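J.: Structure file input-v2.txt (compact mmCIF, C-alpha atoms) right here:
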# COMPACT_ATOMS: atom_id res chain seq x y z
CA MET A 1 68.27 66.24 65.81
CA LYS A 2 70.77 68.15 63.72
CA TYR A 3 72.58 71.23 64.92
CA ASN A 4 73.79 73.76 62.46
CA SER A 5 77.10 75.58 62.91
CA THR A 6 75.47 78.74 64.41
CA GLU A 7 73.77 76.75 67.17
CA LYS A 8 77.01 74.92 67.94
CA ARG A 9 78.85 78.23 68.27
CA LEU A 10 76.15 79.72 70.50
CA THR A 11 76.21 76.61 72.68
CA ALA A 12 80.01 76.82 72.96
CA VAL A 13 79.88 80.54 73.84
CA ALA A 14 77.15 79.92 76.43
CA ALA A 15 79.20 77.08 77.96
CA ILE A 16 82.29 79.35 78.18
CA PHE A 17 80.25 82.12 79.87
CA MET A 18 78.80 79.62 82.35
CA MET A 19 82.30 78.35 83.23
CA LEU A 20 83.61 81.90 83.66
CA PHE A 21 80.61 82.78 85.83
CA ALA A 22 81.25 79.67 87.97
CA ILE A 23 84.92 80.65 88.36
CA VAL A 24 83.93 84.16 89.46
CA ILE A 25 81.43 82.79 92.00
CA ILE A 26 84.03 80.38 93.40
CA ARG A 27 86.60 83.20 93.65
CA TYR A 28 84.14 85.47 95.52
CA TYR A 29 83.40 82.62 97.91
CA ASN A 30 87.11 82.07 98.57
CA ILE A 31 87.62 85.76 99.25
CA SER A 32 84.66 85.90 101.64
CA VAL A 33 85.83 82.97 103.79
CA ASN A 34 89.56 83.81 103.73
CA LYS A 35 90.56 85.33 107.11
CA VAL A 36 93.25 87.55 105.59
CA TYR A 37 90.71 89.30 103.36
CA ALA A 38 88.11 89.43 106.14
CA GLY A 39 90.57 91.30 108.37
CA LYS A 40 91.32 93.81 105.65
CA TYR A 41 87.63 94.30 104.95
CA SER A 42 86.93 95.12 108.60
CA GLU A 43 89.36 98.08 108.29
CA TYR A 44 87.93 99.20 104.94
CA GLY A 45 85.97 102.41 105.18
CA LYS A 46 87.87 103.69 108.21
CA ASP A 47 90.60 106.27 108.29
CA ILE A 48 92.50 105.93 111.58
CA LEU A 49 94.70 108.77 112.83
CA LYS A 50 97.32 108.19 115.55
CA ILE A 51 98.71 110.85 117.87
CA TYR A 52 101.82 109.95 119.89
CA ASN A 53 101.27 110.57 123.61
CA GLY A 54 104.92 111.31 124.35
CA ASP A 55 107.75 109.68 126.26
CA GLY A 56 107.74 108.62 129.89
CA VAL A 57 108.08 111.27 132.60
CA ILE A 58 110.89 111.67 135.13
CA TYR A 59 109.60 112.88 138.53
CA ASP A 60 111.29 114.20 141.66
CA ARG A 61 110.50 112.76 145.11
CA ASN A 62 107.42 115.00 145.45
CA MET A 63 106.02 113.70 142.14
CA THR A 64 106.73 116.98 140.40
CA PRO A 65 107.62 116.35 136.76
CA LEU A 66 111.19 117.30 135.87
CA VAL A 67 110.57 116.85 132.13
CA ASN A 68 107.48 117.17 129.90
CA TYR A 69 106.23 120.24 131.74
CA ASP A 70 105.36 122.01 128.48
CA THR A 71 102.53 120.83 126.27
CA LYS A 72 101.31 121.32 122.74
CA PHE A 73 97.93 120.76 121.11
CA MET A 74 97.61 118.15 118.37
CA THR A 75 94.29 118.27 116.54
CA ALA A 76 92.78 115.52 114.42
CA ALA A 77 90.45 117.14 111.93
CA VAL A 78 88.45 116.94 108.74
CA CYS A 79 88.20 120.27 106.94
CA THR A 80 84.75 121.38 105.88
CA LYS A 81 83.56 124.68 104.46
CA ASP A 82 82.33 125.63 107.93
CA ASN A 83 85.49 124.95 109.93
CA TYR A 84 88.32 125.59 107.44
CA LYS A 85 88.92 129.28 108.32
CA TYR A 86 88.94 128.66 112.06
CA LEU A 87 91.21 125.60 111.84
CA ARG A 88 93.61 127.44 109.54
CA LYS A 89 93.69 130.35 112.01
CA VAL A 90 94.72 128.08 114.92
CA ALA A 91 97.17 125.95 112.89
CA ARG A 92 100.81 126.51 113.86
CA ASP A 93 102.14 125.76 110.35
CA LYS A 94 99.63 127.20 107.89
CA GLU A 95 101.44 126.02 104.75
CA THR A 96 101.44 122.38 105.85
CA PHE A 97 97.84 122.75 107.01
CA ASP A 98 96.77 123.98 103.56
CA LYS A 99 98.50 121.04 101.85
CA LEU A 100 96.80 118.52 104.14
CA ALA A 101 93.40 120.22 103.89
CA LYS A 102 93.46 120.11 100.07
CA ILE A 103 93.72 116.32 100.10
CA GLY A 104 90.24 116.06 101.61
CA LYS A 105 91.06 113.28 104.07
CA PRO A 106 91.28 113.43 107.88
CA PHE A 107 94.68 114.63 109.14
CA VAL A 108 96.57 115.69 112.27
CA PHE A 109 98.12 119.11 112.75
CA GLU A 110 99.62 121.13 115.60
CA SER A 111 97.35 123.93 116.79
CA THR A 112 98.21 127.02 118.80
CA GLU A 113 95.25 126.57 121.15
CA SER A 114 92.83 123.89 122.25
CA VAL A 115 90.16 123.20 119.63
CA ALA A 116 86.68 122.23 120.80
CA ASP A 117 85.73 118.61 120.16
CA THR A 118 83.11 118.43 117.45
CA LEU A 119 81.97 115.85 114.94
CA TYR A 120 84.96 116.73 112.74
CA THR A 121 87.68 117.75 115.24
CA THR A 122 89.37 116.18 118.25
CA CYS A 123 92.11 117.95 120.17
CA PHE A 124 94.79 116.26 122.30
CA LYS A 125 97.13 117.89 124.80
CA VAL A 126 100.51 116.23 124.25
CA PRO A 127 103.60 116.72 126.47
CA VAL A 128 106.71 118.23 124.91
CA ARG A 129 110.16 116.96 125.89
CA ASN A 130 112.25 120.07 126.44
CA THR A 131 115.85 120.28 127.54
CA GLU A 132 116.47 124.03 127.30
CA LYS A 133 115.04 125.16 130.65
CA GLN A 134 115.31 121.98 132.66
CA LEU A 135 116.73 121.81 136.16
CA ALA A 136 119.70 119.55 136.90
CA CYS A 137 120.31 118.97 133.22
CA HIS A 138 123.60 117.17 133.97
CA LEU A 139 121.68 114.64 136.09
CA ILE A 140 118.51 114.28 134.04
CA GLY A 141 120.42 114.26 130.77
CA TYR A 142 119.66 115.09 127.18
CA THR A 143 117.85 113.55 124.24
CA ALA A 144 118.81 113.52 120.58
CA ASN A 145 116.82 112.04 117.72
CA GLY A 146 114.23 110.63 120.11
CA SER A 147 116.58 108.75 122.44
CA GLY A 148 118.52 109.56 125.61
CA VAL A 149 122.22 110.40 125.20
CA SER A 150 123.26 111.20 128.79
CA GLY A 151 122.11 111.05 132.42
CA MET A 152 118.84 109.41 133.42
CA GLU A 153 117.54 109.90 129.89
CA TYR A 154 120.27 107.54 128.70
CA ALA A 155 120.15 105.14 131.66
CA TYR A 156 116.38 104.64 131.45
CA ASP A 157 116.02 105.07 127.69
CA LYS A 158 114.28 101.71 127.16
CA LEU A 159 111.81 102.41 129.97
CA LEU A 160 111.07 106.01 128.96
CA ARG A 161 110.72 105.20 125.26
CA SER A 162 109.45 101.64 125.35
CA GLU A 163 108.69 99.56 122.28
CA THR A 164 104.99 99.69 123.16
CA LYS A 165 104.57 103.39 122.55
CA SER A 166 101.31 104.95 123.62
CA PHE A 167 99.07 106.47 120.96
CA SER A 168 95.67 108.13 121.02
CA THR A 169 93.56 107.26 118.00
CA VAL A 170 90.65 108.82 116.18
CA SER A 171 88.85 106.93 113.43
CA TYR A 172 86.61 108.38 110.74
CA GLU A 173 84.15 106.48 108.54
CA THR A 174 85.10 107.07 104.89
CA ASP A 175 83.73 106.23 101.47
CA GLY A 176 85.64 104.42 98.73
CA SER A 177 87.60 107.52 97.71
CA GLY A 178 88.65 108.26 101.30
CA SER A 179 86.30 111.20 101.89
CA VAL A 180 84.60 111.32 105.29
CA LEU A 181 80.97 110.29 105.17
CA VAL A 182 78.81 113.26 106.05
CA GLY A 183 76.90 112.63 109.25
CA GLU A 184 79.12 109.70 110.29
CA GLY A 185 82.02 111.73 111.65
CA LYS A 186 84.39 110.00 114.05
Spell out the structure here as structure tokens.

T.:
Amino acid sequence: MKYNSTEKRLTAVAAIFMMLFAIVIIRYYNISVNKVYAGKYSEYGKDILKIYNGDGVIYDRNMTPLVNYDTKFMTAAVCTKDNYKYLRKVARDKETFDKLAKIGKPFVFESTESVADTLYTTCFKVPVRNTEKQLACHLIGYTANGSGVSGMEYAYDKLLRSETKSFSTVSYETDGSGSVLVGEGK
């Protein structure tokens, strides 16, 4: 049987496409069984927000806290048409809030009051380390740039601000562009 030049070309092109298809199939298989990619895939579609729970607390002998007696509210939120005005009203820094809300992804902001937990908001009460009004400031000490510089703050710096810092997390299910899936929430 004789093949003309057109049939030979078509056969060559078909063979090249079959080899390319086989390479693609083998590559997809390698990606699916590779543990590095599997770990990344398990995090795909989730937007995880972390809120720092604060440093350790120094107590007196009656277990009364000598530091961290003030608190602030940190709110993890997704802005929707329904909650934008209220969330903006309770945001401490409205300019930063507007910038974060425009992005369309979940974000954390400081609020002036506790926000009710809903499908799109979660509020955390976080202690604030304050040194202005503290008793026995010469004994307890001071902090600067997140570490103790004198007194017990300095002596117990590693214990109060350990390497294993405590965080609260909120995760949202997201689509490929990072927008929260409606109905999925947190």

J.: What is the distance, in Å and to one decimal place, between CA of Cys123 in chain A and CA of Lys46 in chain A?

T.: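 Distance between the two atoms: 19.1 Å.
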
J.: Counting only C-alpha atoms, write as a PDB file with C-alpha atoms, in the coordinates of the input all protein and nucleic acid residues lying at most 10 Å from (83.1, 118.6, 116.3) in the file's frame.

T.:
ATOM      1  CA  ALA A  77      90.450 117.140 111.930  1.00  0.00           C
ATOM      2  CA  VAL A  78      88.450 116.940 108.740  1.00  0.00           C
ATOM      3  CA  ASN A  83      85.490 124.950 109.930  1.00  0.00           C
ATOM      4  CA  VAL A 115      90.160 123.200 119.630  1.00  0.00           C
ATOM      5  CA  ALA A 116      86.680 122.230 120.800  1.00  0.00           C
ATOM      6  CA  ASP A 117      85.730 118.610 120.160  1.00  0.00           C
ATOM      7  CA  THR A 118      83.110 118.430 117.450  1.00  0.00           C
ATOM      8  CA  LEU A 119      81.970 115.850 114.940  1.00  0.00           C
ATOM      9  CA  TYR A 120      84.960 116.730 112.740  1.00  0.00           C
ATOM     10  CA  THR A 121      87.680 117.750 115.240  1.00  0.00           C
ATOM     11  CA  THR A 122      89.370 116.180 118.250  1.00  0.00           C
ATOM     12  CA  CYS A 123      92.110 117.950 120.170  1.00  0.00           C
ATOM     13  CA  GLY A 185      82.020 111.730 111.650  1.00  0.00           C
ATOM     14  CA  LYS A 186      84.390 110.000 114.050  1.00  0.00           C
TER      15      LYS A 186
END

J.: Name all residues at most 7 Å from Ile51 in chain A (count only C-alpha atoms; drop same-chain ones fewer than 2 positions away) and give them as JSON, numbers by chain.

T.: {"A": [49, 53, 167, 168, 169]}

J.: So, counting only C-alpha atoms, which residue among A:Leu181, A:Val90, A:Ile140, A:Ala12 is closest to Gly104 in chain A?

T.: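 For Gly104 in chain A, the nearest of the candidates is A:Leu181.
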
J.: Neighbouring residues of range 97-100 of chain A were defined as those with any atom within 7 Å, considering all atoms listed in the file; residues of the same chain fewer than 6 positions away were excluded. Please report them as a PyMOL selection string.

T.: chain A and resi 88+91+107+109

J.: Would you compute the distance between CA of Val108 in chain A and CA of Thr75 in chain A? Give it in Å to one decimal.

T.: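 Taking CA of Val108 in chain A as the start and CA of Thr75 in chain A as the end point, the length is 5.5 Å.
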
J.: Which of these, A:Arg129, A:Lys94, A:Ile25, A:Ile31, has the shortest distance to Pro65 in chain A once you count only C-alpha atoms?

T.: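 The closest residue to Pro65 in chain A is A:Arg129.
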
J.: Name all residues at most 8 Å from Tyr142 in chain A (count all atoms listed in the file; drop same-chain ones fewer than 2 positions away) and give them as a list in words.

T.: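 Neighbouring residues, sequence-local ones excluded: Thr131, Cys137, Ile140, Ala144, Gly148, Val149, Ser150, Gly151, Glu153 and Tyr154 of chain A.
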
J.: Compare A:Val170, A:Ala14, A:Leu139, A:Ser5 by their minimum atom-to-atom distance to Met74 in chain A, counting only C-alpha atoms, and give me the closest one.

T.: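 Distance minimum relative to Met74 in chain A lands on A:Val170.
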
J.: One decimal, in Å: what's the spacing between CA of Arg161 in chain A and CA of Ser147 in chain A?

T.: 7.4 Å

J.: Pick out the closest residue to Phe73 in chain A from this set: A:Glu113, A:Asp60, A:Asp93, A:Asp55. Count all atoms listed in the file.

T.: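 Residue with the minimum atom-to-atom distance to Phe73 in chain A: A:Glu113.
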
J.: For Ala101 in chain A, list every protein, DNA or RNA residue within 9 Å, evaluated using all atoms listed in the file, and leave out those in the same chain fewer than 5 positions away; present the list as a list in words.

T.: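 Listed by chain and then number, they are Val78, Cys79, Thr80, Tyr84, Thr96, Pro106 and Phe107 of chain A.
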
J.: In terms of the shortest atom-to-atom distance over only C-alpha atoms, which of A:Val180, A:Ile16, A:Met152, A:Val126 is closest to His138 in chain A?

T.: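 Checking each candidate against His138 in chain A, we get A:Met152 as the closest.
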
J.: Please give the centre and size of the box around range 119-131 of chain A (axis-aligned, containing every atom listed in the file, 3 Å added per side), with values in Å to one decimal and written as AutoDock Vina command-line options.

T.:
--center_x 98.9 --center_y 118.1 --center_z 120.1 --size_x 39.9 --size_y 10.4 --size_z 20.8

J.: Keeping just C-alpha atoms, export range 34-115 of chain A of this structure as a PDB file, in the first residue's frame.

T.:
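Below is the file decode-v6.pdb, written as the result:
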ATOM      1  CA  ASN A  34       3.085  14.318  44.565  1.00  0.00           C
ATOM      2  CA  LYS A  35       2.636  15.117  48.285  1.00  0.00           C
ATOM      3  CA  VAL A  36       3.912  18.684  47.919  1.00  0.00           C
ATOM      4  CA  TYR A  37       1.174  19.533  45.422  1.00  0.00           C
ATOM      5  CA  ALA A  38      -1.459  17.613  47.394  1.00  0.00           C
ATOM      6  CA  GLY A  39      -0.710  19.731  50.472  1.00  0.00           C
ATOM      7  CA  LYS A  40      -1.042  22.936  48.501  1.00  0.00           C
ATOM      8  CA  TYR A  41      -4.286  21.754  46.937  1.00  0.00           C
ATOM      9  CA  SER A  42      -5.816  21.088  50.353  1.00  0.00           C
ATOM     10  CA  GLU A  43      -5.324  24.801  51.190  1.00  0.00           C
ATOM     11  CA  TYR A  44      -6.637  25.972  47.814  1.00  0.00           C
ATOM     12  CA  GLY A  45     -10.021  27.627  48.050  1.00  0.00           C
ATOM     13  CA  LYS A  46      -9.538  28.762  51.638  1.00  0.00           C
ATOM     14  CA  ASP A  47      -8.651  32.200  52.869  1.00  0.00           C
ATOM     15  CA  ILE A  48      -7.338  31.918  56.434  1.00  0.00           C
ATOM     16  CA  LEU A  49      -7.197  34.995  58.672  1.00  0.00           C
ATOM     17  CA  LYS A  50      -5.079  35.020  61.854  1.00  0.00           C
ATOM     18  CA  ILE A  51      -5.665  37.251  64.869  1.00  0.00           C
ATOM     19  CA  TYR A  52      -2.865  37.442  67.467  1.00  0.00           C
ATOM     20  CA  ASN A  53      -4.186  36.660  70.959  1.00  0.00           C
ATOM     21  CA  GLY A  54      -1.640  38.831  72.748  1.00  0.00           C
ATOM     22  CA  ASP A  55       1.328  38.317  75.038  1.00  0.00           C
ATOM     23  CA  GLY A  56       1.373  36.415  78.311  1.00  0.00           C
ATOM     24  CA  VAL A  57      -0.136  38.026  81.412  1.00  0.00           C
ATOM     25  CA  ILE A  58       1.637  39.012  84.627  1.00  0.00           C
ATOM     26  CA  TYR A  59      -0.555  38.449  87.721  1.00  0.00           C
ATOM     27  CA  ASP A  60      -0.287  39.484  91.352  1.00  0.00           C
ATOM     28  CA  ARG A  61      -0.665  36.953  94.183  1.00  0.00           C
ATOM     29  CA  ASN A  62      -4.477  37.222  94.063  1.00  0.00           C
ATOM     30  CA  MET A  63      -4.486  36.392  90.338  1.00  0.00           C
ATOM     31  CA  THR A  64      -5.397  39.949  89.404  1.00  0.00           C
ATOM     32  CA  PRO A  65      -3.807  40.865  86.076  1.00  0.00           C
ATOM     33  CA  LEU A  66      -1.204  43.623  86.334  1.00  0.00           C
ATOM     34  CA  VAL A  67      -0.958  43.994  82.545  1.00  0.00           C
ATOM     35  CA  ASN A  68      -3.394  43.383  79.664  1.00  0.00           C
ATOM     36  CA  TYR A  69      -6.337  44.820  81.580  1.00  0.00           C
ATOM     37  CA  ASP A  70      -7.545  46.778  78.550  1.00  0.00           C
ATOM     38  CA  THR A  71      -8.967  45.044  75.504  1.00  0.00           C
ATOM     39  CA  LYS A  72      -9.757  45.844  71.902  1.00  0.00           C
ATOM     40  CA  PHE A  73     -12.043  44.202  69.365  1.00  0.00           C
ATOM     41  CA  MET A  74     -10.541  42.645  66.248  1.00  0.00           C
ATOM     42  CA  THR A  75     -13.117  41.652  63.650  1.00  0.00           C
ATOM     43  CA  ALA A  76     -12.613  39.221  60.788  1.00  0.00           C
ATOM     44  CA  ALA A  77     -15.075  40.139  58.069  1.00  0.00           C
ATOM     45  CA  VAL A  78     -16.187  39.897  54.484  1.00  0.00           C
ATOM     46  CA  CYS A  79     -17.922  43.040  53.253  1.00  0.00           C
ATOM     47  CA  THR A  80     -21.237  42.591  51.508  1.00  0.00           C
ATOM     48  CA  LYS A  81     -23.793  45.147  50.387  1.00  0.00           C
ATOM     49  CA  ASP A  82     -25.812  44.378  53.511  1.00  0.00           C
ATOM     50  CA  ASN A  83     -23.097  44.782  56.146  1.00  0.00           C
ATOM     51  CA  TYR A  84     -20.719  47.376  54.631  1.00  0.00           C
ATOM     52  CA  LYS A  85     -22.303  50.483  56.229  1.00  0.00           C
ATOM     53  CA  TYR A  86     -22.480  48.936  59.690  1.00  0.00           C
ATOM     54  CA  LEU A  87     -18.936  47.556  59.574  1.00  0.00           C
ATOM     55  CA  ARG A  88     -17.582  50.883  58.333  1.00  0.00           C
ATOM     56  CA  LYS A  89     -19.411  52.647  61.179  1.00  0.00           C
ATOM     57  CA  VAL A  90     -17.754  50.448  63.843  1.00  0.00           C
ATOM     58  CA  ALA A  91     -14.286  50.429  62.215  1.00  0.00           C
ATOM     59  CA  ARG A  92     -11.688  52.380  64.192  1.00  0.00           C
ATOM     60  CA  ASP A  93      -9.688  53.384  61.080  1.00  0.00           C
ATOM     61  CA  LYS A  94     -12.203  54.051  58.313  1.00  0.00           C
ATOM     62  CA  GLU A  95      -9.622  54.815  55.619  1.00  0.00           C
ATOM     63  CA  THR A  96      -7.838  51.484  56.061  1.00  0.00           C
ATOM     64  CA  PHE A  97     -11.198  49.732  56.277  1.00  0.00           C
ATOM     65  CA  ASP A  98     -12.264  51.202  52.916  1.00  0.00           C
ATOM     66  CA  LYS A  99      -9.015  50.067  51.265  1.00  0.00           C
ATOM     67  CA  LEU A 100      -9.411  46.523  52.577  1.00  0.00           C
ATOM     68  CA  ALA A 101     -13.119  46.362  51.718  1.00  0.00           C
ATOM     69  CA  LYS A 102     -12.474  47.360  48.084  1.00  0.00           C
ATOM     70  CA  ILE A 103     -10.243  44.327  47.557  1.00  0.00           C
ATOM     71  CA  GLY A 104     -13.225  42.010  48.035  1.00  0.00           C
ATOM     72  CA  LYS A 105     -11.410  39.416  50.133  1.00  0.00           C
ATOM     73  CA  PRO A 106     -11.831  38.587  53.831  1.00  0.00           C
ATOM     74  CA  PHE A 107      -9.811  40.875  56.129  1.00  0.00           C
ATOM     75  CA  VAL A 108      -9.243  41.794  59.776  1.00  0.00           C
ATOM     76  CA  PHE A 109      -9.833  45.251  61.203  1.00  0.00           C
ATOM     77  CA  GLU A 110     -10.057  46.859  64.647  1.00  0.00           C
ATOM     78  CA  SER A 111     -13.610  47.755  65.630  1.00  0.00           C
ATOM     79  CA  THR A 112     -14.827  50.178  68.276  1.00  0.00           C
ATOM     80  CA  GLU A 113     -17.382  47.718  69.653  1.00  0.00           C
ATOM     81  CA  SER A 114     -18.131  44.024  69.617  1.00  0.00           C
ATOM     82  CA  VAL A 115     -19.624  42.885  66.309  1.00  0.00           C
TER      83      VAL A 115
END
